[in-house]
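For reference, the structure discussed in these notes is given below.
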Amino acid sequence: MVEDVARRDAYAWLKSLTPPAMPPPPSPTLPAALWRGVSREWLWVYHGNVPRVREWSREIVVPAGVFFVKSGLAILQAGGVEIRVAPGQAFFSAPGPRRQWFEANTRLLSAGLRCQWPDGTPVFSAGLNVAVPEREIRALHGATQRLFRMVHGGRGRVTYPEAAGEGPPRSIENWSAHDAAYGQWFGEFVRTLAQMGVAPTRHGSLPSQRLQRLLQKLSEWPLDRPVNLQLLTADFHLGERRAHDLLRDHLGMTGQAAHERRRLEHARQRLIQEDVALKEIAFGLGFKHPPHFTAWFKRHTGTTPTAYRAGGGVVGA
């Protein structure tokens, strides 16, 4: 009995020497107009085996997200660092380029999203590309499981290509519930990042009305035609040179480069989501001959459209 009391006293004394954990700093407040301008695109939630194993991927560009390794092993290379993620761990992805390698039979529970400030910069990027023990983020793990069940019903396994596709049509009520489930998951995702000390990136200011209109016009420009800034701005009296400067300052690239990126994203999505002939995709992007489309796609991605489709896209995990 005396030894038990002494042990408890010693434990209490040691505990008193440990400084209490500091709470995470509060998230910055945002004006309503800025928050309404934040774009959030739910990309996938899946629980299944990865599509390609025991070979390094090319450098791919991934969005933000998190995946939990349920079996196997994941090795990621990003920012000059190699991270190993074993079963019982989770990996928080930063938006940007990385390479990845998976052991055979690697199975993930994964959710991905694209979240950007009105100026196009990611809301979260710094402090990511880290592995965390699953036990330390149980609330997020539970939220991801609930999201999977809501989106995919009673299915126990769903692969990445299935989850990244458009999926079946839904009623308005079901789409609303679908979006609400992602919103709840996103709230837990943000809370978890705050507990990890990951803060939002500095946001840019709201684009001017003229810039917003220019960006909207650019996003609507036909994919089968090169961008013509003179025609693009003809109905709101903005000079071609000024439009070029506005787009370059805001996007960090020319309007034509941004248009090419949009065309490439369109090709990627159609390749993995639709069972259509390559020539149909090529013609929709303005290529008169499919081999020209293949050469263009390989120049931008390092692989052919056929190989990209066969690999299920492999654009994230």
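In the structure tokens, each chain is lettered A, B, ... as it comes, each chain's residues begin at 1, and ligands are numbered from 1 in order of appearance.
All residues in stretch 11-112 of chain A with a DSSP state of helix (DSSP H, G or I), computed from the backbone, read Tyr11, Ala12, Trp13, Leu14, Lys15, Ser16, Leu17, Ala32, Ala33, Leu34, Trp35 and Arg36 of chain A.
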**Message:** Residues within 10 Å of A:Glu188, please, as a ChimeraX atom specification. Count only C-alpha atoms; anything in the same chain fewer than 5 positions from it doesn't count.
**Reply:** /A:137,139-144,182-183,193-194
With N, CA and C atoms kept, could you save the residues just selected as a PDB file, in the first residue's frame?
```pdb
ATOM      1  N   ILE A 137      -5.446  10.594 -35.090  1.00  0.00           N
ATOM      2  CA  ILE A 137      -6.447  11.338 -35.860  1.00  0.00           C
ATOM      3  C   ILE A 137      -7.681  10.460 -36.064  1.00  0.00           C
ATOM      4  N   ALA A 139     -10.723  10.819 -35.166  1.00  0.00           N
ATOM      5  CA  ALA A 139     -11.947  11.511 -35.572  1.00  0.00           C
ATOM      6  C   ALA A 139     -12.000  11.661 -37.093  1.00  0.00           C
ATOM      7  N   LEU A 140     -10.883  11.996 -37.710  1.00  0.00           N
ATOM      8  CA  LEU A 140     -10.847  12.131 -39.165  1.00  0.00           C
ATOM      9  C   LEU A 140     -11.000  10.777 -39.839  1.00  0.00           C
ATOM     10  N   HIS A 141     -10.409   9.737 -39.259  1.00  0.00           N
ATOM     11  CA  HIS A 141     -10.561   8.391 -39.820  1.00  0.00           C
ATOM     12  C   HIS A 141     -12.030   7.983 -39.807  1.00  0.00           C
ATOM     13  N   GLY A 142     -12.706   8.237 -38.679  1.00  0.00           N
ATOM     14  CA  GLY A 142     -14.126   7.917 -38.597  1.00  0.00           C
ATOM     15  C   GLY A 142     -14.945   8.731 -39.578  1.00  0.00           C
ATOM     16  N   ALA A 143     -14.600  10.013 -39.739  1.00  0.00           N
ATOM     17  CA  ALA A 143     -15.320  10.867 -40.679  1.00  0.00           C
ATOM     18  C   ALA A 143     -15.137  10.381 -42.111  1.00  0.00           C
ATOM     19  N   THR A 144     -13.934   9.897 -42.449  1.00  0.00           N
ATOM     20  CA  THR A 144     -13.678   9.394 -43.796  1.00  0.00           C
ATOM     21  C   THR A 144     -14.451   8.106 -44.041  1.00  0.00           C
ATOM     22  N   TYR A 182     -19.752  15.583 -47.652  1.00  0.00           N
ATOM     23  CA  TYR A 182     -18.410  16.080 -47.922  1.00  0.00           C
ATOM     24  C   TYR A 182     -18.111  17.318 -47.090  1.00  0.00           C
ATOM     25  N   GLY A 183     -19.123  18.184 -46.910  1.00  0.00           N
ATOM     26  CA  GLY A 183     -18.919  19.377 -46.099  1.00  0.00           C
ATOM     27  C   GLY A 183     -18.583  19.031 -44.656  1.00  0.00           C
ATOM     28  N   LEU A 193      -6.153  19.349 -39.344  1.00  0.00           N
ATOM     29  CA  LEU A 193      -4.978  20.113 -39.768  1.00  0.00           C
ATOM     30  C   LEU A 193      -4.607  21.157 -38.716  1.00  0.00           C
ATOM     31  N   ALA A 194      -5.611  21.807 -38.127  1.00  0.00           N
ATOM     32  CA  ALA A 194      -5.332  22.804 -37.086  1.00  0.00           C
ATOM     33  C   ALA A 194      -4.651  22.154 -35.886  1.00  0.00           C
TER      34      ALA A 194
END
```
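In terms of minimum interatomic distance to A:Arg135, A:Gln89 ranks closest within A:Ser171, A:Thr233, A:Gln116, A:Gln89, counting only C-alpha atoms.
Here atom CA of A:Thr303 stands at a distance of 27.2 Å from atom CA of A:Val69.
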**Request:** Please identify which residues in stretch 54-277 of chain A DSSP calls strand (DSSP E) from the backbone, and express them as a VMD selection string.
**Result:** chain A and resid 60 to 62 64 to 71 74 to 78 81 to 85 89 to 93 96 to 102 107 to 116 130 to 133
With C-alpha atoms kept, could you save the residues just selected as a PDB file, in the first residue's frame?
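So part-v8.pdb came out as:
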```
ATOM      1  CA  ILE A  60       2.330  13.344 -61.153  1.00  0.00           C
ATOM      2  CA  VAL A  61       0.430  16.364 -59.889  1.00  0.00           C
ATOM      3  CA  VAL A  62      -1.942  15.547 -57.041  1.00  0.00           C
ATOM      4  CA  ALA A  64      -4.814  17.956 -51.384  1.00  0.00           C
ATOM      5  CA  GLY A  65      -6.207  15.039 -49.413  1.00  0.00           C
ATOM      6  CA  VAL A  66      -5.507  12.255 -46.966  1.00  0.00           C
ATOM      7  CA  PHE A  67      -5.200   8.495 -47.240  1.00  0.00           C
ATOM      8  CA  PHE A  68      -5.033   5.791 -44.568  1.00  0.00           C
ATOM      9  CA  VAL A  69      -2.922   2.717 -45.345  1.00  0.00           C
ATOM     10  CA  LYS A  70      -4.997  -0.346 -44.410  1.00  0.00           C
ATOM     11  CA  SER A  71      -2.529  -2.910 -45.805  1.00  0.00           C
ATOM     12  CA  ALA A  74       3.215   3.337 -49.672  1.00  0.00           C
ATOM     13  CA  ILE A  75       6.405   5.268 -50.448  1.00  0.00           C
ATOM     14  CA  LEU A  76       6.084   8.865 -51.626  1.00  0.00           C
ATOM     15  CA  GLN A  77       8.698  11.279 -52.958  1.00  0.00           C
ATOM     16  CA  ALA A  78       7.822  14.977 -52.778  1.00  0.00           C
ATOM     17  CA  VAL A  81      11.936  13.973 -49.305  1.00  0.00           C
ATOM     18  CA  GLU A  82      10.949  10.290 -49.264  1.00  0.00           C
ATOM     19  CA  ILE A  83       8.138   9.275 -46.897  1.00  0.00           C
ATOM     20  CA  ARG A  84       7.183   5.689 -46.042  1.00  0.00           C
ATOM     21  CA  VAL A  85       3.593   5.128 -44.924  1.00  0.00           C
ATOM     22  CA  GLN A  89      -0.587   5.444 -40.603  1.00  0.00           C
ATOM     23  CA  ALA A  90      -2.158   8.226 -42.649  1.00  0.00           C
ATOM     24  CA  PHE A  91      -0.579  10.516 -45.218  1.00  0.00           C
ATOM     25  CA  PHE A  92      -1.638  14.112 -45.779  1.00  0.00           C
ATOM     26  CA  SER A  93      -0.981  15.166 -49.382  1.00  0.00           C
ATOM     27  CA  GLY A  96       1.645  19.569 -56.247  1.00  0.00           C
ATOM     28  CA  PRO A  97       4.031  17.094 -57.906  1.00  0.00           C
ATOM     29  CA  ARG A  98       5.147  13.795 -56.398  1.00  0.00           C
ATOM     30  CA  ARG A  99       6.156  10.246 -57.289  1.00  0.00           C
ATOM     31  CA  GLN A 100       4.720   7.179 -55.591  1.00  0.00           C
ATOM     32  CA  TRP A 101       5.379   3.468 -55.153  1.00  0.00           C
ATOM     33  CA  PHE A 102       3.078   0.867 -53.590  1.00  0.00           C
ATOM     34  CA  ARG A 107      -5.193  -0.988 -49.806  1.00  0.00           C
ATOM     35  CA  LEU A 108      -6.102   2.607 -48.966  1.00  0.00           C
ATOM     36  CA  LEU A 109      -8.985   4.551 -47.486  1.00  0.00           C
ATOM     37  CA  SER A 110      -8.606   7.863 -49.284  1.00  0.00           C
ATOM     38  CA  ALA A 111     -10.347  11.196 -49.794  1.00  0.00           C
ATOM     39  CA  GLY A 112      -9.205  13.929 -52.183  1.00  0.00           C
ATOM     40  CA  LEU A 113     -10.354  17.463 -52.824  1.00  0.00           C
ATOM     41  CA  ARG A 114      -9.350  20.646 -54.571  1.00  0.00           C
ATOM     42  CA  CYS A 115      -9.717  23.742 -52.383  1.00  0.00           C
ATOM     43  CA  GLN A 116      -8.549  27.155 -53.621  1.00  0.00           C
ATOM     44  CA  VAL A 130       3.542  14.159 -43.759  1.00  0.00           C
ATOM     45  CA  ALA A 131       2.697  10.742 -42.279  1.00  0.00           C
ATOM     46  CA  VAL A 132       0.746  10.605 -39.003  1.00  0.00           C
ATOM     47  CA  PRO A 133      -0.258   7.627 -36.808  1.00  0.00           C
TER      48      PRO A 133
END
```
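Checking A:Gly284, A:Pro169, A:Gly239, A:Pro122 one by one against A:Arg225, counting only C-alpha atoms, you find the shortest gap at A:Gly284.
Relative to atom CA of A:Trp56, atom CA of A:Thr106 is found at 14.1 Å.
Reported to one decimal place, the separation of atom CA of A:Pro118 from atom CA of A:Ser39 is 7.1 Å.
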**Asked** Skipping near chain neighbours, those fewer than 5 positions away, what residues fall within 12 Å of A:Met150 using only C-alpha atoms, listed as a PyMOL selection string?
**Response** chain A and resi 45-46+143-145+155-156+174-182+184-185
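The shell of residues at most 12 Å from A:Tyr308, with only C-alpha atoms counted and near chain neighbours (fewer than 4 positions) removed, consists of A:Pro51, A:Arg52, A:Ser57, A:Arg58, A:Ile60, A:Pro161, A:Ala267, A:Arg268, A:Gln269, A:Arg270, A:Leu271, A:Ile272, A:Gln273, A:Leu278, A:Thr294, A:Phe297, A:Lys298, A:Thr301, A:Gly302, A:Thr303, A:Thr304, A:Gly312, A:Gly313, A:Val314, A:Val315.
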**Fill in**
Restricting to only C-alpha atoms, whichever of A:Gly88, A:Gly255, A:Pro63, A:Gly286 is closest to A:Gln216 is A:Gly255
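Of the listed residues (A:Ile172, A:His250, A:Trp221, A:Glu136), A:Glu136 comes nearest to A:Gln195; the distances count only C-alpha atoms.
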**Request:** Considering only C-alpha atoms, return as number ranges by chain whatever protein or nucleic-acid residues lie within 8 Å of A:Pro290, sequence-local ones (same chain, fewer than 5 positions apart) excluded.
**Result:** A: 278-279, 282-283
